[in-house]
Protein chains: 2
Amino acid sequence: MVRTATKVTTIRDVAAEAGVSIATVSRVLNGSGRATPETTEKVRAAATALAFRPSTISRSLKAARTRTVGVLIPSLSNPVFAESVAGVQDAAAEAGYSVLITSTEYDPGREARAIESLLANRVEGLVLTVADADRSGALDTLDEVRLPYVLAYNQPERATRAHVSVDNVAAARAVVERMAALGHRRIGMVAGQFRHSDRSRRRHAGWLAALADAGLAPGPVVEVDFNDLRLAHRLAPHLDGAERPTALFASNDLLALATIRAVRDLGLSVPRDMSVCGFDGIEVGTLMSPSLATLVQPARAMGRTAFNRLRAAIAREPQGHAVMLPFTLRPGESLGPAPPDIHPANPANVPLDRRHPSS
Amino acid sequence: MVRTATKVTTIRDVAAEAGVSIATVSRVLNGSGRATPETTEKVRAAATALAFRPSTISRSLKAARTRTVGVLIPSLSNPVFAESVAGVQDAAAEAGYSVLITSTEYDPGREARAIESLLANRVEGLVLTVADADRSGALDTLDEVRLPYVLAYNQPERATRAHVSVDNVAAARAVVERMAALGHRRIGMVAGQFRHSDRSRRRHAGWLAALADAGLAPGPVVEVDFNDLRLAHRLAPHLDGAERPTALFASNDLLALATIRAVRDLGLSVPRDMSVCGFDGIEVGTLMSPSLATLVQPARAMGRTAFNRLRAAIAREPQGHAVMLPFTLRPGESLGPAPPDIHPANPANVPLDRRHPSS
DNA sequence: TTGTAAGCGTTATCAA
DNA sequence: TTGATAACGCTTACAA
């Protein structure tokens, strides 16, 4: 390989080539200040000839603004986050902003380091999603240094923290109401760990509230660790017996898919024996069979909106703290009518219970 | 909102606080050059007290290296790209590099602008995936300015372009061989557009080669536009009649899911009437039913490896142009044994042989 | 209209 | 061991 010193062309090179001063080059290229047509032309030509691209880092240093925002998310592997990042990316590109991305993989240490890195890079602000917005070292740090940020998806209790989300409680209610309307009377929930997720808590609250309103007793709640999606053994204890739930609300789509999988592995049919509805609205849900019923959050818009709010915050435009985006319920084959009561006063029940003497 | 000028603390503030010169602060904090324990302590204390974080942009300006790499991908919505970006992110974080991300949404204009932006940001190199590595304006630009890059997933003809990929031809062969081993004799392909994707072309070549080796006539090839995944009407013409294929190889997983969906919408059962195998190995494939059989590319490793190669390239360490990562075939319920011949020893067969007099 | 020069926050060279 | 100072590439007063 040739050891060509990859010397980048600077404004000086252009000035020399055009036979003018660097100030003139700067003015012409930025359209600030007047210049004669000939000068303009000379400079333009020189810049093109040398493929000059002004260094944003020098520019940033002078201007004390980087036109860069940071994005911090738990994981790029979850489509709902990836999609929201795409939304940030879209809006940022339109606004001439660059995007520095960091993902934490749910590791607090990595999160802290990511924040440090973003801060050192002098991002003008952050769009981020944290596990729990009510208990986040990252947010505390940002508050301390007074760097603008907007949360995406999170819905913190501490409402002064700027955020864009759906109304998770109302959304969860919508799911349960639909289930009830389909005749389900025993409705369970599969949820991400409450102590690690503000969203999971809110959705659980909505689930509870809707059940109460409908006069239904809460079905089983299975809290699962997001790192272990083999749910069959977790679900099994709740899925036999006459009073097993006929519908499960999963607090996100990945969980919903894992739930469907587990339910089937346990010998039940979805949706004939068991309905499942997710939350998020990931695209692949529409491609599978049964297609996944889910509460759709506008993921792309989430990212876009968060970025736009962030810009406003950076510009110190006064604004409210919360933005609620509309959600929709996407019907899908995984959510069907409740089956006729499993054992309408029928003794065939008994063997089923025997199979699991422990229960 | 309070109009607090968010003044960032600089090395000068620290120097003043510690009662030393900025040079000393720099030396202490970077561990370059000696300093007495007391001085060190004073500086450390001052830096901590003021929450000083050296500006990477000033540092970059001085050092003429940014410790930042760019990532360019077609879309964050495809999990296989998102996962590879996560891999880059992992390796970059470990190496103390920041990652600027841009996605093109398959829009050439946006791609060009993204490259400009990355160049202006003085990234030290790029990890990127392009639609077609043999015909890419982006790569031409990078070659011109001699900025190091490593392709991920792409497998260009022009082998001098550094890339990390699987051996797409061999991988596609493996899929077809497995299908043949399961008794399939009529094997079709659902592929992304050849003229827009080097990967699709390679996989098609592997499909063809394996069929030839097995003495099988190529089944139908359906080239699909990635932006329109409603495949039923595209597939329908090929799926009736006695000689319809019993297995379909999809050139990527999203296509495979869409294919399964379409096949079912057309009234066939997967895998009883039709087997489907994808390519990529996205995680959700394991969660659905039938689970998706697929050729697994190590997506995370793809990103990691690409980043590591890039670092080597940046450091001007000589190295080969291509890295081939191992692939594996992930069995799944969508790929089963061939059904008994649709018309066993039945004259309806005859046309089948006639169609391929050569074999 | 154009040029000179200061300065953004660092690092590194050179003296002290 | 420490400090003054130049330099990195750019923008922007201010002068000419």
# chains A, B, ... in the order shown; residues from 1 in each chain; ligands from 1
>>> closest_atom_pairs(of="segment 34-62 of chain A", to="segment 7-16 of chain C", cutoff="10 Å", atoms="only C-alpha atoms (C1' of nucleotides)", output="Markdown table")
| residue | atom | partner | partner_atom | distance |
| --- | --- | --- | --- | --- |
| A:Ser58 | CA | C:DC8 | C1' | 8.4 |
| A:Arg59 | CA | C:DC8 | C1' | 9.0 |
| A:Ser60 | CA | C:DC8 | C1' | 8.4 |
| A:Leu61 | CA | C:DC8 | C1' | 5.0 |
| A:Lys62 | CA | C:DC8 | C1' | 4.3 |
>>> select_by_dssp(residues="segment 79-175 of chain B", states="strand (DSSP E or B)", output="ChimeraX atom specification")
/B:98-103,126-128,149-152,163-165
>>> atom_distance(atom1="atom CA of Asp273 of chain A", atom2="atom CA of Ala236 of chain A")
14.1 Å
>>> calpha_fit_rmsd(fixed="chain A", moving="chain B")
3.3 Å
>>> interface_residues(of="chain D", to="chain A", cutoff="8 Å", atoms="only C-alpha atoms (C1' of nucleotides)", output="number ranges by chain")
D: 9-11
>>> select_by_dssp(residues="segment 73-111 of chain B", states="helix (DSSP H, G or I)", output="VMD selection string")
chain B and resid 79 to 95 108 to 111
>>> residues_around(residues="DT1 of chain D", least_positions_apart="5", cutoff="12 Å", atoms="only C-alpha atoms (C1' of nucleotides)", output="count of residues only")
14
>>> interface_residues(of="chain B", to="chain A", cutoff="8 Å", atoms="only C-alpha atoms", output="VMD selection string")
chain B and resid 1 3 6 53 to 58 60 to 61 75 to 77 79 82 to 83 85 to 86 89 98 to 103 116 to 117 119 to 122 146 to 147 254 257 to 258 260 to 261 284 287 to 289 316 318
>>> write_last_selection(atoms="N, CA and C atoms", output="tab-separated table (two decimals), in the first residue's frame")
chain	number	residue	atom	x	y	z
B	1	MET	N	-38.07	29.18	30.68
B	1	MET	CA	-36.74	28.54	30.79
B	1	MET	C	-35.65	29.59	31.03
B	3	ARG	N	-32.28	31.49	30.87
B	3	ARG	CA	-31.35	31.65	29.78
B	3	ARG	C	-29.92	31.54	30.26
B	6	THR	N	-24.88	28.23	28.69
B	6	THR	CA	-24.28	26.96	29.06
B	6	THR	C	-22.79	26.98	28.74
B	53	ARG	N	-14.36	18.26	30.86
B	53	ARG	CA	-14.25	17.19	29.86
B	53	ARG	C	-13.58	17.79	28.65
B	54	PRO	N	-12.36	17.38	28.38
B	54	PRO	CA	-11.62	17.96	27.26
B	54	PRO	C	-12.44	17.88	25.98
B	55	SER	N	-12.46	18.93	25.23
B	55	SER	CA	-13.21	18.96	23.98
B	55	SER	C	-12.52	18.12	22.91
B	56	THR	N	-13.22	17.10	22.46
B	56	THR	CA	-12.61	16.27	21.41
B	56	THR	C	-12.45	17.05	20.11
B	57	ILE	N	-13.27	18.08	19.94
B	57	ILE	CA	-13.14	18.79	18.67
B	57	ILE	C	-11.85	19.61	18.63
B	58	SER	N	-11.52	20.24	19.73
B	58	SER	CA	-10.25	20.98	19.74
B	58	SER	C	-9.10	20.00	19.60
B	60	SER	N	-9.16	17.17	18.18
B	60	SER	CA	-9.11	16.67	16.81
B	60	SER	C	-8.43	17.66	15.89
B	61	LEU	N	-8.75	18.91	16.10
B	61	LEU	CA	-8.19	19.95	15.24
B	61	LEU	C	-6.67	19.94	15.35
B	75	SER	N	-30.51	1.17	5.39
B	75	SER	CA	-31.68	1.36	6.23
B	75	SER	C	-31.47	0.75	7.60
B	76	LEU	N	-31.95	1.45	8.59
B	76	LEU	CA	-31.85	0.95	9.95
B	76	LEU	C	-33.02	0.01	10.24
B	77	SER	N	-33.99	0.01	9.35
B	77	SER	CA	-35.20	-0.78	9.60
B	77	SER	C	-34.98	-2.26	9.34
B	79	PRO	N	-33.26	-5.40	10.30
B	79	PRO	CA	-32.53	-5.84	11.49
B	79	PRO	C	-31.11	-6.29	11.17
B	82	ALA	N	-29.11	-3.15	11.21
B	82	ALA	CA	-29.09	-2.59	12.55
B	82	ALA	C	-28.12	-3.38	13.43
B	83	GLU	N	-28.17	-4.68	13.29
B	83	GLU	CA	-27.32	-5.54	14.11
B	83	GLU	C	-25.85	-5.33	13.78
B	85	VAL	N	-24.56	-2.61	12.62
B	85	VAL	CA	-24.20	-1.31	13.20
B	85	VAL	C	-23.91	-1.47	14.69
B	86	ALA	N	-24.71	-2.29	15.34
B	86	ALA	CA	-24.47	-2.54	16.76
B	86	ALA	C	-23.07	-3.14	16.95
B	89	GLN	N	-20.57	-0.40	16.61
B	89	GLN	CA	-20.70	0.38	17.83
B	89	GLN	C	-19.93	-0.29	18.98
B	98	SER	N	-15.78	7.13	18.27
B	98	SER	CA	-17.18	7.51	18.17
B	98	SER	C	-17.70	7.12	16.79
B	99	VAL	N	-19.01	6.99	16.72
B	99	VAL	CA	-19.62	6.53	15.48
B	99	VAL	C	-20.66	7.52	14.97
B	100	LEU	N	-20.42	8.04	13.79
B	100	LEU	CA	-21.41	8.90	13.15
B	100	LEU	C	-22.23	8.03	12.21
B	101	ILE	N	-23.53	8.06	12.38
B	101	ILE	CA	-24.34	7.16	11.57
B	101	ILE	C	-25.19	7.90	10.54
B	102	THR	N	-25.26	7.32	9.36
B	102	THR	CA	-26.12	7.88	8.32
B	102	THR	C	-26.80	6.72	7.60
B	103	SER	N	-28.06	6.90	7.29
B	103	SER	CA	-28.72	5.88	6.48
B	103	SER	C	-29.31	6.55	5.25
B	116	GLU	N	-20.82	13.33	1.89
B	116	GLU	CA	-20.29	14.68	2.05
B	116	GLU	C	-20.21	15.06	3.52
B	117	SER	N	-21.29	14.79	4.20
B	117	SER	CA	-21.36	15.14	5.61
B	117	SER	C	-20.29	14.40	6.41
B	119	LEU	N	-17.50	13.22	5.30
B	119	LEU	CA	-16.21	13.75	4.89
B	119	LEU	C	-15.94	15.08	5.60
B	120	ALA	N	-16.94	15.92	5.64
B	120	ALA	CA	-16.79	17.21	6.30
B	120	ALA	C	-16.50	17.03	7.78
B	121	ASN	N	-17.06	15.97	8.32
B	121	ASN	CA	-16.83	15.70	9.74
B	121	ASN	C	-15.48	15.05	9.99
B	122	ARG	N	-14.74	14.85	8.93
B	122	ARG	CA	-13.38	14.31	9.03
B	122	ARG	C	-13.34	12.96	9.75
B	146	ARG	N	-9.40	9.06	-1.24
B	146	ARG	CA	-8.52	8.10	-0.56
B	146	ARG	C	-8.84	7.96	0.92
B	147	LEU	N	-10.10	7.96	1.21
B	147	LEU	CA	-10.48	7.71	2.60
B	147	LEU	C	-10.71	6.22	2.79
B	254	LEU	N	-36.31	-10.79	5.23
B	254	LEU	CA	-37.53	-10.02	5.11
B	254	LEU	C	-38.34	-10.52	3.92
B	257	LEU	N	-40.00	-13.83	4.88
B	257	LEU	CA	-41.22	-13.66	5.65
B	257	LEU	C	-42.38	-13.26	4.75
B	258	ALA	N	-42.10	-12.33	3.87
B	258	ALA	CA	-43.14	-11.89	2.94
B	258	ALA	C	-43.57	-13.05	2.04
B	260	ILE	N	-43.50	-16.31	2.80
B	260	ILE	CA	-44.33	-17.22	3.58
B	260	ILE	C	-45.75	-16.69	3.67
B	261	ARG	N	-45.81	-15.42	3.95
B	261	ARG	CA	-47.10	-14.76	4.06
B	261	ARG	C	-47.90	-14.93	2.76
B	284	VAL	N	-35.79	-12.43	15.00
B	284	VAL	CA	-37.23	-12.68	15.09
B	284	VAL	C	-37.63	-13.96	14.38
B	287	LEU	N	-38.51	-16.64	16.61
B	287	LEU	CA	-39.64	-16.46	17.52
B	287	LEU	C	-40.98	-16.80	16.89
B	288	MET	N	-41.03	-16.81	15.56
B	288	MET	CA	-42.33	-17.01	14.95
B	288	MET	C	-42.61	-18.47	14.66
B	289	SER	N	-43.84	-18.73	14.25
B	289	SER	CA	-44.20	-20.08	13.87
B	289	SER	C	-44.83	-20.04	12.48
B	316	ARG	N	-2.77	1.99	8.39
B	316	ARG	CA	-1.97	1.60	7.23
B	316	ARG	C	-1.26	0.27	7.42
B	318	PRO	N	-0.79	-3.30	6.36
B	318	PRO	CA	-1.13	-4.02	5.13
B	318	PRO	C	-2.02	-5.22	5.46
>>> atom_distance(atom1="atom CA of Ile314 of chain B", atom2="atom CA of Gly125 of chain B")
6.9 Å
>>> atom_distance(atom1="atom CA of Ala315 of chain B", atom2="atom CA of Glu124 of chain B")
10.0 Å
>>> closest_residue(among="B:Ala18, B:Leu335, B:Ser32, B:Pro220", to="chain C", atoms="only C-alpha atoms (C1' of nucleotides)")
B:Ser32
>>> residues_around(residues="Val14 of chain A", least_positions_apart="5", cutoff="8 Å", atoms="only C-alpha atoms (C1' of nucleotides)", output="PyMOL selection string")
chain A and resi 9+22+25+43+46-47+50+52
>>> closest_atom_pairs(of="chain C", to="chain A", cutoff="7 Å", atoms="only C-alpha atoms (C1' of nucleotides)", output="tab-separated table")
residue	atom	partner	partner_atom	distance
C:DT1	C1'	A:Ala35	CA	5.9
C:DT2	C1'	A:Thr24	CA	6.9
C:DG3	C1'	A:Ser21	CA	6.3
C:DC8	C1'	A:Lys62	CA	4.3
>>> residues_around(residues="DC14 of chain D", least_positions_apart="6", cutoff="12 Å", atoms="only C-alpha atoms (C1' of nucleotides)", output="ChimeraX atom specification")
/C:3-6
>>> residues_around(residues="Pro156 of chain A", least_positions_apart="5", cutoff="10 Å", atoms="only C-alpha atoms (C1' of nucleotides)", output="ChimeraX atom specification")
/A:132-135,151,161-163,165,198-199,202,322
>>> write_last_selection(atoms="C-alpha atoms", output="CSV table (one decimal), in the first residue's frame")
chain,number,residue,atom,x,y,z
A,132,ASP,CA,-36.1,3.8,33.6
A,133,ALA,CA,-36.5,7.6,33.2
A,134,ASP,CA,-37.3,8.0,36.9
A,135,ARG,CA,-34.0,6.4,38.0
A,151,LEU,CA,-36.6,11.3,25.9
A,161,ARG,CA,-38.0,15.8,31.9
A,162,ALA,CA,-38.8,16.5,28.3
A,163,HIS,CA,-40.2,13.5,26.5
A,165,SER,CA,-44.1,9.1,24.0
A,198,ASP,CA,-41.1,3.0,33.3
A,199,ARG,CA,-42.9,1.9,30.2
A,202,ARG,CA,-47.3,2.3,32.9
A,322,ALA,CA,-44.4,16.3,27.2
